[in-house]
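Let me begin by presenting the structure, written as structure tokens, before commenting on it.
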Amino acid sequence: MSFKGLFISICCLILMACSDASEQLNQDYGSPQTRDRLLPVDHPLAVQFEQQVQPVIEKRCVVCHGCYDAPCQLKLSSAEGIDRGASKAKVYNSGRILAADPTRLFIDASSSEQWREKGFSAVLNERDQTLLANLQGSVLYQLLVQKNKHKQPEAGRLPEEFNYHLNRVEQCPTLDTLDEYQEDYPLAGMPYGLPNLSKEEFKVLETWVGQGAPMSQPPALSAAVQHAVTKWESKLNDNSLKAQLSSRYIYEHLFLAHLYFDEITVEEGLKPLFFRLVRSSTAPGFPIQEIATRRPYDAPETDNVYYRLRLDPGTVLSKTHMPYALNSKREKRWDELFYKNDFEVEVLPDYRSASPFVVFQAIPSYSRYSFMLDEAFFTISGFIKGPVCRGSIALNVINDNFWVFFVNPELETRVTADQFILQQADNLRLPSETSSETLSVRDWLGYAAGQTRYIKAKSKFIEENMDLQSGLQLTDIWSGNENSALTVFRHFDSASVVKGSVGKQPKTAWIIDYPVLERIHYLLVAGYDVFGNIGHQLTTRLYMDFLRIESEMNFISFLPNESRPHEMASWYLDSTSELANYLEDQSLLYSRPTGISYQTPFVKEELLSLLKNYVYNSQQKIDNNFKYMIPLQDLSLKRLNALDNRVVRELPEMSFILIESEKGKDRLYTLLRHNAHKNVSSLLNEKANRLPLLDTAGIYKGLIGNYPSLIFRVHERDKLTFINQLTAAKSSARFTELLSRFSVRRTNPEFWQISDKLHQLHFQADPISYGLFDYNRLENR
């Protein structure tokens, strides 16, 4: 028999086996049929779910199964996600030749039947609703039972059979393949690679599954919340041309936001309600029919588009949570920038152009830029917490630690005039304006050439309009509110952003102007398709090189002329000749003179200090109580900011440190590793550009990031011992000794209690920004 014939025979045998298994299930429990498990909130089983079942699912399951990168796409963060089930299709697939069909929960399908048609398999029983059938027919329950039968070790590292690589091959068993899965992977019960549920927790879930897994409908909105929803929907759907264009702009920038009403009191201990701004084919007052498009600016293919506030019923996850307040102050500001601003819209643009500079040309660029600046932390969080956040290829375009400042919008109105931006629209084209299946070298060269033309035109425009004698001053930097300075941390394949110029001075800094900020949003947030093909992902990453360099050059322009080439060269060691030539372009380096008089030879460090103090002092004048992230006060912990490089190289990207106090004042800290690079312009060979001997670490008060790699638990009385042992852990053996004493390993029987405490303290510190952490990157060390 030929190889082809043998292959076909094997496939047929597998299909027959699966068919036999399905047939047996059908005989025992009837044919599968999707069911509506949602009960009214006052139903006793719905109350039981909300009070007993949901907390267990959230704290024990959602911490690994909550987002795009949840194993098998199994999102247990909502009733709809639990009902949807699992799929072997990978969302993050860097080798995808063709774009995949989107599978966004709440958007791309509205029923379990539709998800089954998209290849998702049930994890709950969909056959006869009897106790036995519900238990035997639930993959979710059977995997919990498997964990109880094959308990993992309760100390040390887990066996090598456990695979935590994010790009591992996922098995995603169905009822048809469950027996084979359990035989081949006996240790792969759930929670995978984490301690078993307690007997009480297991019993809660077992009872729930046996009852048919009833869940609760979302609660009815209070009169106050419903009034707020009605008020904002009315504003967003005003039928004037100006309002329609303004609302479209707002929607395309807030579609990922968790909107909430901060003027409505939330009972203490309760989590606030969050809403998504969506496009619907139905008007306010009618049930929402969300319009599903790949991107928020794609043609809606319906005659009428209404902007609606849709309650997000899912559990809040730290890695995707971007809260954005709606209140009277916000309404007044939007009126000032958009709805009551003095500009005219003569005709609404269609959806043929995806360029924001063309589509929204009628709205003054000052208004657009100010809108993004008002919540710059949120704006930058879009490319930190949006779908692009996952994966090293998406993030190796930025350094591990840098500060961000912004051009004063008043300067933008003088220098980057509306007419100039519109004239440059073709040069400012983005790869995301086309499709999700980009893979054209010619197109890419066109983007590169357009960027070069834009930089030269910008330099000429500045020369004609800028006061070249006074030069750039600190007042050209925006200092309007607490969003004026940000710090970005990269953690290899994830990233974080915090308010303020935090920590030690970084190697690089960005100063972002309006065209850069708008392009970052439409490149990495509005225009980034996580389901796109490899070409789309690569061109997105390559284009971001331009935006990073342009932002860095804005910063470099504040330095004296003679310092600029050397500083830029130190950021791009061993770069390609093409990049070196681009960086030496006179249009980039010398188009703007500095007006700052430097007092030391260390001009970059001096500039960073000047910028940090300028923004901070400006804020103090506005608000005497203003403060960014609270500086670390503990002198002993500050020693961890100066760890020996040999210790740093033992550290993972992100470690959470819990200091427990007998007085009940537990404290949380984050220890971050900052990886050094020759440059961050190499697409596929990041390892070759690493400079590990220059890696550093920093400790910060509070919890930064969403994916802890290590968790340390330290009692106050042992704090100095922990610090001394960590500073001395200059080898793998000594670091392992530290872990044995202070780390909360995956095998630790108290892991879940510590996890609960981390989340509790996190919620108490900031209930609005609170979200569950993700343990998929927790190391087995």
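Chains: A, B, ... in order of the structure tokens. Residues: from 1 per chain. Ligands: from 1, in order shown.
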Practice problem: Would you please extract all helix (DSSP H, G or I) residues from segment 438-551 of chain A, as assigned by DSSP on the backbone, and give them as a PyMOL selection string? | Solution: chain A and resi 441-465+474-476+514-524+534-551
Self-check item: For Met654 of chain A: contacts at 9 Å, only C-alpha atoms, fewer than 4 positions along chain excluded, given as a ChimeraX atom specification
Solution: /A:491,670-673,704-705,707-711
Practice problem: Extract the full set of strand (DSSP E) residues from segment 176-386 of chain A according to DSSP on the backbone, and format it as JSON, numbers by chain. | Solution: {"A": [215, 216, 258, 259, 260, 275, 276, 277, 278, 279, 280, 306, 307, 308, 309, 310, 311, 323, 324, 325]}
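Ranking A:Arg564, A:Lys612, A:Arg294, A:Arg333 by their shortest atom-to-atom distance to Thr594 of chain A, with only C-alpha atoms included, puts A:Arg564 first.
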Self-check item: Exercise: Gln469 of chain A partners within 12 Å, only C-alpha atoms, chain neighbours under 5 positions left out, as a ChimeraX atom specification
Solution: /A:463,592-596
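You will find atom CA of Ile477 of chain A at 27.5 Å from atom CA of Asp426 of chain A.
The shell of residues at most 10 Å from Val169 of chain A, with only C-alpha atoms counted and near chain neighbours (fewer than 2 positions) removed, consists of Pro71, Cys72, Lys88, Lys90, Asn163, His165, Leu166, Asn167, Gln171 and Cys172 of chain A.
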Exercise. Please measure the separation of atom CA of Trp444 of chain A and atom CA of Arg429 of chain A, giving the value in Å to one decimal.
Key: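 Rounded to one decimal, the two atoms are 10.8 Å apart.
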Exercise. Calculate how many Å separate atom CA of Arg116 of chain A from atom CA of Gly535 of chain A, rounding to one decimal.
Key: 29.0 Å
Practice problem: Using only C-alpha atoms, determine which residues lie at most 10 Å from Lys638 of chain A, disregarding the query and same-chain residues fewer than 3 positions distant; provide the list as a PyMOL selection string. | Solution: chain A and resi 632-635+641-643+698-700+723
Quiz item: Given the choices A:Ile512, A:Leu317, A:Leu523, A:Leu583, which gets closest to Asn554 of chain A if the distance is worked out from only C-alpha atoms?
Solution: A:Ile512
Quiz item: For Leu542 of chain A, which of A:Met466, A:Leu395, A:Leu236, A:Val91 is the closest residue, counting only C-alpha atoms?
Solution: A:Leu395
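The shell of residues at most 8 Å from Tyr669 of chain A, with only C-alpha atoms counted and near chain neighbours (fewer than 5 positions) removed, consists of Phe656, Ile657, Leu658, Ile699, Tyr700, Lys701, Gly702 and Leu703 of chain A.
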Self-check item: From A:Phe275, A:Tyr339, A:Phe546, A:Tyr454, residue lying nearest Gln423 of chain A [only C-alpha atoms]
Solution: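 Answer, going by the shortest atom-to-atom distance: A:Tyr454.
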Quiz item: Restricting the calculation to only C-alpha atoms, which member of A:Glu584, A:Asn399, A:Ser381, A:Ser77 is positioned closest to Pro565 of chain A?
Solution: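 Among A:Glu584, A:Asn399, A:Ser381, A:Ser77, it is A:Glu584 that comes nearest to Pro565 of chain A.
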Quiz item: Smallest atom-to-atom distance to Arg453 of chain A: which of A:Leu588, A:Leu144, A:Leu311, A:Ala100, using only C-alpha atoms?
Solution: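 Under the stated criterion, the closest residue is A:Leu588.
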Exercise. For His677 of chain A, work out the shell of residues within 10 Å, counting only C-alpha atoms and skipping chain neighbours fewer than 4 positions away, then give it as a PyMOL selection string.
Key: chain A and resi 399-400+571-573+681+686-692+694-695
Take the residues from that selection and put them in a file with C-alpha atoms, as a PDB file, in the first residue's frame.
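Output below, filename result.pdb:
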```
ATOM      1  CA  ASN A 399      12.678  48.792  24.528  1.00  0.00           C
ATOM      2  CA  ASP A 400      12.146  47.205  27.909  1.00  0.00           C
ATOM      3  CA  TRP A 571      20.475  53.344  20.789  1.00  0.00           C
ATOM      4  CA  TYR A 572      21.040  51.508  17.500  1.00  0.00           C
ATOM      5  CA  LEU A 573      24.290  49.587  17.868  1.00  0.00           C
ATOM      6  CA  SER A 681      14.953  47.127  15.011  1.00  0.00           C
ATOM      7  CA  GLU A 686      16.162  39.499  18.918  1.00  0.00           C
ATOM      8  CA  LYS A 687      18.469  37.130  20.780  1.00  0.00           C
ATOM      9  CA  ALA A 688      21.448  38.253  18.705  1.00  0.00           C
ATOM     10  CA  ASN A 689      20.741  41.859  19.701  1.00  0.00           C
ATOM     11  CA  ARG A 690      20.555  41.166  23.419  1.00  0.00           C
ATOM     12  CA  LEU A 691      23.101  42.575  25.860  1.00  0.00           C
ATOM     13  CA  PRO A 692      22.395  40.437  28.946  1.00  0.00           C
ATOM     14  CA  LEU A 694      23.722  45.141  30.873  1.00  0.00           C
ATOM     15  CA  ASP A 695      20.357  43.866  32.127  1.00  0.00           C
TER      16      ASP A 695
END
```
Contacts of segment 127-150 of chain A with segment 26-50 of chain A up to 9 Å, shortest pair per row, only C-alpha atoms, as a Markdown table:
```
| residue | atom | partner | partner_atom | distance |
| --- | --- | --- | --- | --- |
| A:Arg127 | CA | A:Pro32 | CA | 4.6 |
| A:Asp128 | CA | A:Tyr29 | CA | 5.0 |
| A:Gln129 | CA | A:Tyr29 | CA | 8.4 |
| A:Thr130 | CA | A:Tyr29 | CA | 8.8 |
| A:Ala133 | CA | A:Tyr29 | CA | 6.4 |
| A:Gly137 | CA | A:Tyr29 | CA | 8.4 |
```
